[in-house]
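Visitor: Below is the file query30.cif, with mmCIF, C-alpha atoms.
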data_query
loop_
_atom_site.group_PDB
_atom_site.id
_atom_site.type_symbol
_atom_site.label_atom_id
_atom_site.label_comp_id
_atom_site.auth_asym_id
_atom_site.auth_seq_id
_atom_site.Cartn_x
_atom_site.Cartn_y
_atom_site.Cartn_z
ATOM 1 C CA MET A 1 124.992 102.416 120.290
ATOM 2 C CA LYS A 2 128.397 101.602 121.756
ATOM 3 C CA LEU A 3 128.262 98.137 120.220
ATOM 4 C CA ILE A 4 127.735 99.552 116.722
ATOM 5 C CA TYR A 5 129.808 102.745 116.992
ATOM 6 C CA GLU A 6 132.392 101.340 119.457
ATOM 7 C CA SER A 7 133.121 102.195 123.048
ATOM 8 C CA ASP A 8 134.330 105.753 122.416
ATOM 9 C CA ALA A 9 130.901 106.803 121.148
ATOM 10 C CA ASP A 10 129.736 109.699 123.311
ATOM 11 C CA VAL A 11 126.031 108.861 123.555
ATOM 12 C CA THR A 12 123.934 108.868 126.728
ATOM 13 C CA ALA A 13 120.320 108.013 127.490
ATOM 14 C CA GLU A 14 119.536 111.750 127.473
ATOM 15 C CA ASP A 15 120.507 111.870 123.787
ATOM 16 C CA ILE A 16 117.898 109.283 122.746
ATOM 17 C CA ALA A 17 114.164 109.569 122.116
ATOM 18 C CA LEU A 18 112.036 106.623 121.021
ATOM 19 C CA THR A 19 109.354 107.150 118.393
ATOM 20 C CA THR A 20 106.592 105.148 116.758
ATOM 21 C CA GLY A 21 108.752 103.971 113.870
ATOM 22 C CA CYS A 22 111.533 105.718 111.986
ATOM 23 C CA ASN A 23 109.136 107.512 109.659
ATOM 24 C CA MET A 24 107.735 109.218 112.737
ATOM 25 C CA ALA A 25 111.293 110.018 113.824
ATOM 26 C CA PHE A 26 112.003 111.688 110.488
ATOM 27 C CA TYR A 27 108.702 113.581 110.406
ATOM 28 C CA ALA A 28 109.100 114.910 113.943
ATOM 29 C CA THR A 29 112.709 115.898 113.235
ATOM 30 C CA ILE A 30 111.759 117.833 110.102
ATOM 31 C CA MET A 31 108.846 119.567 111.832
ATOM 32 C CA THR A 32 111.230 120.646 114.592
ATOM 33 C CA LEU A 33 113.893 121.955 112.230
ATOM 34 C CA ALA A 34 111.955 123.673 109.455
ATOM 35 C CA ASP A 35 108.840 125.648 108.609
ATOM 36 C CA ALA A 36 106.799 125.907 105.435
ATOM 37 C CA GLY A 37 108.904 127.583 102.744
ATOM 38 C CA ASP A 38 112.206 126.335 104.144
ATOM 39 C CA GLU A 39 114.444 123.946 102.218
ATOM 40 C CA VAL A 40 116.038 120.578 102.954
ATOM 41 C CA ILE A 41 118.596 119.003 100.621
ATOM 42 C CA LEU A 42 117.780 115.411 99.754
ATOM 43 C CA PRO A 43 119.839 113.104 97.512
ATOM 44 C CA VAL A 44 117.898 111.733 94.564
ATOM 45 C CA PRO A 45 116.955 108.918 94.040
ATOM 46 C CA TRP A 46 115.254 109.540 97.361
ATOM 47 C CA TYR A 47 113.188 107.540 99.814
ATOM 48 C CA PHE A 48 109.701 108.628 98.746
ATOM 49 C CA ASN A 49 108.328 108.882 102.309
ATOM 50 C CA HIS A 50 110.848 111.632 103.027
ATOM 51 C CA GLN A 51 109.877 113.600 99.949
ATOM 52 C CA MET A 52 106.187 113.170 100.796
ATOM 53 C CA ASP A 53 106.795 114.425 104.340
ATOM 54 C CA PHE A 54 108.290 117.636 102.974
ATOM 55 C CA THR A 55 105.471 118.167 100.506
ATOM 56 C CA LEU A 56 102.846 117.534 103.170
ATOM 57 C CA ILE A 57 104.055 120.368 105.399
ATOM 58 C CA GLY A 58 105.207 122.804 102.720
ATOM 59 C CA ILE A 59 108.962 122.309 102.972
ATOM 60 C CA LYS A 60 110.845 122.330 99.659
ATOM 61 C CA PRO A 61 112.927 119.198 98.976
ATOM 62 C CA VAL A 62 116.017 120.298 97.055
ATOM 63 C CA PRO A 63 117.227 117.393 94.877
ATOM 64 C CA LEU A 64 120.909 116.504 95.131
ATOM 65 C CA PRO A 65 121.660 114.146 92.205
ATOM 66 C CA ALA A 66 123.507 110.990 93.218
ATOM 67 C CA LEU A 67 124.915 109.687 89.950
ATOM 68 C CA PRO A 68 125.528 106.155 88.641
ATOM 69 C CA GLU A 69 129.194 106.900 87.910
ATOM 70 C CA ASP A 70 129.637 107.710 91.609
ATOM 71 C CA GLY A 71 127.898 104.527 92.719
ATOM 72 C CA PHE A 72 124.849 106.669 93.588
ATOM 73 C CA THR A 73 126.714 108.394 96.431
ATOM 74 C CA PRO A 74 126.097 112.151 96.717
ATOM 75 C CA SER A 75 128.776 114.795 96.170
ATOM 76 C CA VAL A 76 129.633 117.188 98.993
ATOM 77 C CA GLU A 77 130.685 119.896 96.537
ATOM 78 C CA ARG A 78 127.479 119.555 94.532
ATOM 79 C CA CYS A 79 125.572 119.801 97.811
ATOM 80 C CA ARG A 80 127.486 122.931 98.774
ATOM 81 C CA SER A 81 126.229 124.655 95.616
ATOM 82 C CA LEU A 82 122.602 123.982 96.636
ATOM 83 C CA ILE A 83 122.740 125.597 100.091
ATOM 84 C CA THR A 84 120.803 128.872 100.389
ATOM 85 C CA SER A 85 119.620 131.103 103.190
ATOM 86 C CA LYS A 86 116.491 128.914 103.383
ATOM 87 C CA THR A 87 118.369 125.632 103.834
ATOM 88 C CA LYS A 88 117.725 124.048 107.238
ATOM 89 C CA ALA A 89 119.197 120.575 106.796
ATOM 90 C CA ILE A 90 120.802 117.918 104.638
ATOM 91 C CA ALA A 91 119.072 114.522 104.913
ATOM 92 C CA LEU A 92 120.934 111.313 104.028
ATOM 93 C CA VAL A 93 119.949 107.632 104.106
ATOM 94 C CA THR A 94 122.798 105.119 104.370
ATOM 95 C CA PRO A 95 122.793 102.294 103.451
ATOM 96 C CA ASN A 96 120.456 103.887 100.995
ATOM 97 C CA ASN A 97 116.865 103.166 100.151
ATOM 98 C CA PRO A 98 116.303 102.807 97.185
ATOM 99 C CA THR A 99 119.810 102.416 95.717
ATOM 100 C CA GLY A 100 121.537 100.316 98.370
ATOM 101 C CA ALA A 101 124.582 102.612 98.220
ATOM 102 C CA THR A 102 126.540 102.678 101.478
ATOM 103 C CA TYR A 103 128.216 106.012 102.185
ATOM 104 C CA SER A 104 131.759 105.794 103.519
ATOM 105 C CA PRO A 105 132.606 107.145 106.990
ATOM 106 C CA ALA A 106 134.776 109.785 105.308
ATOM 107 C CA LEU A 107 131.891 110.957 103.094
ATOM 108 C CA ILE A 108 129.491 111.190 106.039
ATOM 109 C CA ALA A 109 132.096 113.139 108.020
ATOM 110 C CA SER A 110 132.523 115.536 105.076
ATOM 111 C CA PHE A 111 128.791 116.168 105.026
ATOM 112 C CA LEU A 112 128.868 116.945 108.745
ATOM 113 C CA ASP A 113 131.741 119.384 108.155
ATOM 114 C CA LEU A 114 129.601 121.072 105.495
ATOM 115 C CA ALA A 115 126.632 121.245 107.873
ATOM 116 C CA VAL A 116 128.794 122.779 110.606
ATOM 117 C CA GLU A 117 130.240 125.285 108.123
ATOM 118 C CA HIS A 118 126.749 126.532 107.240
ATOM 119 C CA ASN A 119 125.167 126.035 110.678
ATOM 120 C CA ILE A 120 122.530 123.615 109.428
ATOM 121 C CA ALA A 121 121.567 120.109 110.542
ATOM 122 C CA LEU A 122 122.807 116.840 109.090
ATOM 123 C CA ILE A 123 120.129 114.150 109.405
ATOM 124 C CA VAL A 124 121.305 110.601 108.750
ATOM 125 C CA ASP A 125 118.693 107.847 108.585
ATOM 126 C CA GLU A 126 120.615 104.670 109.448
ATOM 127 C CA THR A 127 117.745 102.194 109.362
ATOM 128 C CA TYR A 128 119.968 99.670 107.530
ATOM 129 C CA ARG A 129 123.191 100.304 109.497
ATOM 130 C CA ASP A 130 123.417 96.729 110.830
ATOM 131 C CA PHE A 131 123.767 95.452 107.258
ATOM 132 C CA ILE A 132 127.124 97.168 106.731
ATOM 133 C CA VAL A 133 129.818 94.473 106.597
ATOM 134 C CA THR A 134 132.890 96.686 106.127
ATOM 135 C CA GLY A 135 133.146 98.145 109.647
ATOM 136 C CA LYS A 136 131.339 100.705 111.778
ATOM 137 C CA PRO A 137 129.112 103.137 109.870
ATOM 138 C CA HIS A 138 131.025 106.272 110.922
ATOM 139 C CA SER A 139 132.862 107.895 113.833
ATOM 140 C CA LEU A 140 130.731 111.003 114.299
ATOM 141 C CA PHE A 141 129.626 110.064 117.815
ATOM 142 C CA SER A 142 133.214 110.228 119.082
ATOM 143 C CA GLY A 143 133.452 113.950 118.295
ATOM 144 C CA ASP A 144 131.537 117.161 119.017
ATOM 145 C CA TRP A 145 128.413 115.947 117.257
ATOM 146 C CA ARG A 146 125.427 117.325 119.172
ATOM 147 C CA ARG A 147 125.309 120.800 117.621
ATOM 148 C CA ASN A 148 124.562 119.663 114.059
ATOM 149 C CA PHE A 149 124.157 115.872 113.817
ATOM 150 C CA ILE A 150 120.834 113.991 114.108
ATOM 151 C CA HIS A 151 120.790 110.202 113.850
ATOM 152 C CA LEU A 152 117.640 108.202 113.071
ATOM 153 C CA PHE A 153 117.119 104.468 113.492
ATOM 154 C CA SER A 154 114.438 101.829 113.032
ATOM 155 C CA PHE A 155 114.112 98.523 114.862
ATOM 156 C CA SER A 156 111.960 97.163 112.009
ATOM 157 C CA LYS A 157 114.722 95.821 109.760
ATOM 158 C CA SER A 158 117.623 94.356 111.730
ATOM 159 C CA TYR A 159 115.374 93.255 114.601
ATOM 160 C CA CYS A 160 112.597 92.101 112.213
ATOM 161 C CA LEU A 161 109.882 93.940 114.146
ATOM 162 C CA PRO A 162 108.113 96.070 111.516
ATOM 163 C CA GLY A 163 104.574 95.750 112.828
ATOM 164 C CA HIS A 164 105.424 97.045 116.292
ATOM 165 C CA ARG A 165 106.696 100.414 114.959
ATOM 166 C CA LEU A 166 109.694 101.392 117.052
ATOM 167 C CA GLY A 167 112.222 103.997 115.962
ATOM 168 C CA ALA A 168 114.703 106.364 117.574
ATOM 169 C CA ILE A 169 116.147 109.850 117.305
ATOM 170 C CA VAL A 170 119.655 110.441 118.654
ATOM 171 C CA ALA A 171 120.415 114.136 119.055
ATOM 172 C CA SER A 172 121.246 116.746 121.655
ATOM 173 C CA PRO A 173 118.960 116.863 124.715
ATOM 174 C CA GLU A 174 118.085 120.455 123.820
ATOM 175 C CA PHE A 175 116.894 119.422 120.358
ATOM 176 C CA LEU A 176 114.987 116.451 121.769
ATOM 177 C CA ASN A 177 113.077 118.766 124.107
ATOM 178 C CA GLU A 178 111.751 120.533 121.006
ATOM 179 C CA VAL A 179 111.014 117.197 119.330
ATOM 180 C CA LYS A 180 108.904 116.125 122.307
ATOM 181 C CA THR A 181 106.661 119.140 121.773
ATOM 182 C CA VAL A 182 106.080 118.022 118.171
ATOM 183 C CA LEU A 183 105.510 114.396 119.184
ATOM 184 C CA ASP A 184 102.930 115.516 121.721
ATOM 185 C CA CYS A 185 100.806 116.582 118.724
ATOM 186 C CA LEU A 186 101.441 113.377 116.742
ATOM 187 C CA GLN A 187 101.925 110.263 118.867
ATOM 188 C CA ILE A 188 103.535 110.904 122.216
ATOM 189 C CA CYS A 189 105.520 107.683 122.394
ATOM 190 C CA PRO A 190 105.546 104.095 121.137
ATOM 191 C CA PRO A 191 103.442 101.560 123.061
ATOM 192 C CA ARG A 192 105.219 101.068 126.364
ATOM 193 C CA VAL A 193 104.528 97.339 126.660
ATOM 194 C CA PHE A 194 106.662 96.669 123.611
ATOM 195 C CA GLN A 195 109.493 98.863 124.906
ATOM 196 C CA ILE A 196 109.566 96.937 128.179
ATOM 197 C CA ALA A 197 109.425 93.575 126.428
ATOM 198 C CA LEU A 198 112.183 94.375 123.927
ATOM 199 C CA ALA A 199 114.758 95.986 126.228
ATOM 200 C CA PRO A 200 116.124 92.804 127.867
ATOM 201 C CA LEU A 201 116.073 90.942 124.533
ATOM 202 C CA LEU A 202 118.318 93.331 122.580
ATOM 203 C CA PRO A 203 121.693 91.762 123.531
ATOM 204 C CA ALA A 204 120.370 88.250 122.970
ATOM 205 C CA MET A 205 119.240 89.165 119.450
ATOM 206 C CA ARG A 206 122.678 90.255 118.235
ATOM 207 C CA PRO A 207 123.724 86.727 117.116
ATOM 208 C CA PHE A 208 120.477 86.476 115.126
ATOM 209 C CA ILE A 209 121.210 89.847 113.510
ATOM 210 C CA ARG A 210 124.762 88.798 112.582
ATOM 211 C CA GLU A 211 123.389 85.615 111.000
ATOM 212 C CA THR A 212 120.784 87.578 109.046
ATOM 213 C CA VAL A 213 123.353 90.125 107.865
ATOM 214 C CA GLY A 214 125.630 87.343 106.646
ATOM 215 C CA ALA A 215 122.790 85.671 104.760
ATOM 216 C CA ILE A 216 121.711 88.895 103.050
ATOM 217 C CA HIS A 217 125.308 89.746 102.138
ATOM 218 C CA ALA A 218 125.711 86.306 100.541
ATOM 219 C CA ARG A 219 122.428 86.820 98.687
ATOM 220 C CA HIS A 220 123.696 90.123 97.302
ATOM 221 C CA GLN A 221 126.790 88.342 96.005
ATOM 222 C CA LEU A 222 124.621 85.628 94.460
ATOM 223 C CA PHE A 223 122.409 88.230 92.789
ATOM 224 C CA ARG A 224 125.479 89.893 91.286
ATOM 225 C CA ARG A 225 126.803 86.551 89.999
ATOM 226 C CA VAL A 226 123.608 85.314 88.343
ATOM 227 C CA LEU A 227 122.180 88.630 87.070
ATOM 228 C CA PRO A 228 122.049 88.537 83.237
ATOM 229 C CA PRO A 229 124.991 90.465 81.717
ATOM 230 C CA ARG A 230 122.834 93.134 80.077
ATOM 231 C CA TRP A 231 121.399 94.181 83.465
ATOM 232 C CA THR A 232 123.789 96.573 85.250
ATOM 233 C CA ILE A 233 124.081 97.043 89.018
ATOM 234 C CA GLY A 234 124.658 100.689 89.923
ATOM 235 C CA ALA A 235 124.755 100.199 93.689
ATOM 236 C CA GLN A 236 124.026 97.432 96.139
ATOM 237 C CA GLY A 237 123.717 97.140 99.925
ATOM 238 C CA GLY A 238 121.306 96.962 102.832
ATOM 239 C CA TYR A 239 118.162 95.344 101.464
ATOM 240 C CA PHE A 240 118.477 96.668 97.921
ATOM 241 C CA ALA A 241 120.182 96.644 94.537
ATOM 242 C CA PHE A 242 119.630 99.434 92.014
ATOM 243 C CA VAL A 243 119.782 97.972 88.516
ATOM 244 C CA LYS A 244 119.749 99.480 85.018
ATOM 245 C CA HIS A 245 117.525 97.517 82.648
ATOM 246 C CA PRO A 246 118.717 96.764 79.093
ATOM 247 C CA PHE A 247 115.735 97.977 77.054
ATOM 248 C CA LYS A 248 116.444 101.000 74.846
ATOM 249 C CA GLY A 249 114.011 103.888 75.173
ATOM 250 C CA VAL A 250 111.713 102.035 77.587
ATOM 251 C CA ASN A 251 110.693 103.594 80.895
ATOM 252 C CA SER A 252 111.320 101.478 83.998
ATOM 253 C CA LEU A 253 107.629 101.894 84.882
ATOM 254 C CA ASP A 254 106.742 99.807 81.858
ATOM 255 C CA VAL A 255 109.494 97.296 82.557
ATOM 256 C CA SER A 256 108.419 96.822 86.181
ATOM 257 C CA LYS A 257 104.778 96.453 85.138
ATOM 258 C CA ARG A 258 105.544 93.701 82.648
ATOM 259 C CA LEU A 259 107.964 91.946 84.992
ATOM 260 C CA ALA A 260 105.186 91.763 87.579
ATOM 261 C CA THR A 261 102.254 90.839 85.381
ATOM 262 C CA GLU A 262 103.970 88.490 82.924
ATOM 263 C CA LEU A 263 106.844 86.991 84.918
ATOM 264 C CA GLY A 264 105.828 87.369 88.574
ATOM 265 C CA VAL A 265 108.862 89.511 89.473
ATOM 266 C CA VAL A 266 107.915 92.448 91.714
ATOM 267 C CA THR A 267 110.209 95.480 91.594
ATOM 268 C CA LEU A 268 109.888 99.250 91.989
ATOM 269 C CA PRO A 269 110.814 101.590 89.126
ATOM 270 C CA SER A 270 113.076 104.605 89.563
ATOM 271 C CA ALA A 271 110.150 106.965 88.888
ATOM 272 C CA PHE A 272 108.946 106.232 92.423
ATOM 273 C CA PHE A 273 112.159 107.713 93.819
ATOM 274 C CA CYS A 274 112.620 110.839 91.683
ATOM 275 C CA GLU A 275 110.891 114.115 90.962
ATOM 276 C CA ALA A 276 107.576 113.876 89.127
ATOM 277 C CA ASP A 277 109.255 115.305 86.011
ATOM 278 C CA GLY A 278 112.465 113.433 86.701
ATOM 279 C CA ASP A 279 113.186 112.645 83.059
ATOM 280 C CA LYS A 280 113.506 116.390 82.387
ATOM 281 C CA GLN A 281 115.278 117.368 85.605
ATOM 282 C CA ASN A 282 117.770 114.501 85.888
ATOM 283 C CA LYS A 283 119.892 115.580 82.942
ATOM 284 C CA ASP A 284 123.078 114.066 84.366
ATOM 285 C CA TRP A 285 121.791 110.475 84.206
ATOM 286 C CA ASP A 286 119.001 108.460 82.607
ATOM 287 C CA ALA A 287 116.616 108.240 85.541
ATOM 288 C CA SER A 288 114.053 106.300 83.527
ATOM 289 C CA ARG A 289 116.218 103.188 83.148
ATOM 290 C CA TRP A 290 116.678 102.080 86.778
ATOM 291 C CA ILE A 291 114.803 99.566 88.942
ATOM 292 C CA ARG A 292 114.998 98.727 92.649
ATOM 293 C CA PHE A 293 115.337 95.054 93.556
ATOM 294 C CA SER A 294 115.161 93.731 97.132
ATOM 295 C CA VAL A 295 117.041 90.582 98.157
ATOM 296 C CA ALA A 296 116.052 90.697 101.821
ATOM 297 C CA ASN A 297 112.990 88.459 101.946
ATOM 298 C CA VAL A 298 113.710 85.859 99.263
ATOM 299 C CA ASP A 299 115.819 82.719 99.461
ATOM 300 C CA ASP A 300 118.722 81.802 97.178
ATOM 301 C CA GLU A 301 116.546 79.670 94.915
ATOM 302 C CA LYS A 302 114.195 82.595 94.272
ATOM 303 C CA VAL A 303 117.139 84.908 93.521
ATOM 304 C CA GLU A 304 118.292 82.484 90.840
ATOM 305 C CA ARG A 305 114.765 82.087 89.425
ATOM 306 C CA ILE A 306 114.270 85.857 89.319
ATOM 307 C CA CYS A 307 117.493 86.362 87.381
ATOM 308 C CA GLN A 308 116.508 83.560 85.014
ATOM 309 C CA ARG A 309 113.214 85.353 84.349
ATOM 310 C CA LEU A 310 115.055 88.629 83.732
ATOM 311 C CA GLY A 311 117.000 86.832 81.022
ATOM 312 C CA GLU A 312 113.765 85.460 79.572
ATOM 313 C CA SER A 313 112.281 88.962 79.468
ATOM 314 C CA GLU A 314 114.896 90.084 76.959
ATOM 315 C CA ASN A 315 113.246 87.902 74.308
ATOM 316 C CA LEU A 316 109.688 87.839 75.646
ATOM 317 C CA PHE A 317 109.104 91.596 75.808
ATOM 318 C CA GLY A 318 110.177 92.239 72.218
ATOM 319 C CA TRP A 319 111.929 95.529 72.997
ATOM 320 C CA GLU A 320 115.234 96.605 71.478
ATOM 321 C CA LEU A 321 118.225 95.810 73.701
ATOM 322 C CA ASP A 322 121.371 97.803 74.381
#
What's the structure tokens form of this structure?

Guide:
Amino acid sequence: MKLIYESDADVTAEDIALTTGCNMAFYATIMTLADAGDEVILPVPWYFNHQMDFTLIGIKPVPLPALPEDGFTPSVERCRSLITSKTKAIALVTPNNPTGATYSPALIASFLDLAVEHNIALIVDETYRDFIVTGKPHSLFSGDWRRNFIHLFSFSKSYCLPGHRLGAIVASPEFLNEVKTVLDCLQICPPRVFQIALAPLLPAMRPFIRETVGAIHARHQLFRRVLPPRWTIGAQGGYFAFVKHPFKGVNSLDVSKRLATELGVVTLPSAFFCEADGDKQNKDWDASRWIRFSVANVDDEKVERICQRLGESENLFGWELD
């Protein structure tokens, strides 16, 4: 923590609980904070696992539109207007999944100020934090953070250990005591053998992580350079780029389906990351036109081939173009 958030970060071992993956960390956190009928504000496009967690236990996800003109970063003032007496938390993901948008330290701090003002929690899922190349993610840990701030992390991405399922919650010891009660009914802790094996390796893996981050950053730049001009990047970072396709009046579900079946390009359409009736509810932006691309697990040659196939699709699919 002090390596990422610098030496003035006020975090101790008592502030940290390990979980069986970050999805478990999020689920246990939400179950600790809220009951059925309560509300949690969630920027949309959202990470669908978070929305499904809320639905599963009867908590209402309140959509906070993150708009293309803002680089898919959420507005604090728009969020303020959504807070009610039932609101228990604001949940952010940065760098974001699905959009790739990276929220600035100032924006994250403003959301914490809003949470403090209304005595609610700010949950920040920072699974992709190691892929930020512009400096430390934020400075919240150097202040009085424990009353309202909850940090979540996954070892799956930067440490390339997805199958072993290791995540973390960083919060006040008092909150973590409540979390442990929830985890006792889910999965008490991650497998201990893996914890013991990983601990001494963490410092030695930092050079590997820096190398991986540099490679993915370069791949993002390559993707931006070779993407056909009619395809528009709305946000980019972490593993992902959120791209507007050029086909007039065509839903991204149909575009993604044809890209996969006819051109071998696998993407996820924006419908996966919005409300079920998103086309009606997202009046501020055309939610049906966006597609998530991942550059994390492909090499440079494949990035170039993918963008070449996107260009080919403009003629092959026979749809009207912008």

Visitor: As a check of understanding, name the residues that the PyMOL selection byres ((chain A and resi 260-274) around 10) selects in the supplied structure, as an MDAnalysis selection string.

Guide: chainID A and resid 43:49 51 63 65 97:99 242:244 251:259 275:279 281:282 286:294 302 305:307 309:310 312:313 316:317

Visitor: Kindly resolve the PyMOL selection byres ((chain A and resi 169) around 6) on the present coordinates and return the residues as a PyMOL selection string.

Guide: chain A and resi 16-17+25+151-152+168+170

Visitor: Which polymer residues have any atom within 10 Å of an atom of stretch 198-212 of chain A, counting only C-alpha atoms, with same-chain residues fewer than 2 positions away left out, as a list in words?

Guide: Leu3, Asp130, Phe131, Val133, Lys157, Ser158, Tyr159, Cys160, Arg192, Val193, Phe194, Gln195, Ile196, Gly214, Ala215, Ile216, His217, Ala218 and Ala296 of chain A

Visitor: What lies within 10 Å of A:Ile120 using all atoms listed in the file, ignoring chain neighbours under 4 positions off, as a ChimeraX atom specification?

Guide: /A:33,40,83,87-90,112,114-116,147-149

Visitor: I'd like to see the residues matched by the PyMOL selection byres ((chain A and resi 10) around 10) on this file, and ideally I'd get them as a ChimeraX atom specification.

Guide: /A:1-2,5-9,11-12,15,140-146

Visitor: Nearest to A:Gly100 among A:Glu117, A:Glu77, A:Glu126, A:Glu39, with distances taken over only C-alpha atoms: which residue is it?

Guide: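 Ranked by minimum distance to A:Gly100, first place goes to A:Glu126.
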
Visitor: Between atom CA of A:Asn297 and atom CA of A:Asp70, what distance in Å does the model show, to one decimal?

Guide: 27.5 Å

Visitor: Axis-aligned box over every listed atom of stretch 24-35 of chain A, padded by 4 Å per side: centre and edges in Å to one decimal, as AutoDock Vina command-line options?

Guide:
--center_x 110.8 --center_y 117.4 --center_z 111.6 --size_x 14.2 --size_y 24.4 --size_z 14.0

Visitor: Could you jot down the atom CA of A:Asp38 to atom CA of A:Tyr103 separation for me, Å, one decimal place?

Guide: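 Here the two named atoms are 25.9 Å from each other.
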
Visitor: Distance atom CA of A:Gln236-atom CA of A:Gly71, one decimal place?

Guide: 8.8 Å

Visitor: When you count only C-alpha atoms, which of these residues is closest to A:Gly37: A:Lys180, A:Lys86, A:Val62, A:Ile4?

Guide: A:Lys86

Visitor: Ranking A:Tyr239, A:Tyr128, A:Phe175, A:Phe223 by minimum distance to A:Val303 and counting only C-alpha atoms, which one comes first?

Guide: A:Phe223

Visitor: Tell me which protein, DNA and RNA residues are within 10 Å of A:Asn23, counting all atoms listed in the file, leaving out same-chain ones fewer than 3 positions away, and put them as a PyMOL selection string.

Guide: chain A and resi 19-20+26-29+49-50+53+125+152-154+165-168

Visitor: Which residues, written as a list in words, have at least one atom at most 9 Å from A:Leu321, with only C-alpha atoms counted and residues fewer than 4 positions away on the same chain left out?

Guide: Arg230, Pro246, Phe247, Lys248 and Glu314 of chain A

Visitor: With all atoms listed in the file as the basis for distance, which of A:Leu18, A:Ile108, A:Val124, A:Val76 is at the shortest distance from A:Leu92?

Guide: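 For A:Leu92, the nearest of the candidates is A:Val124.
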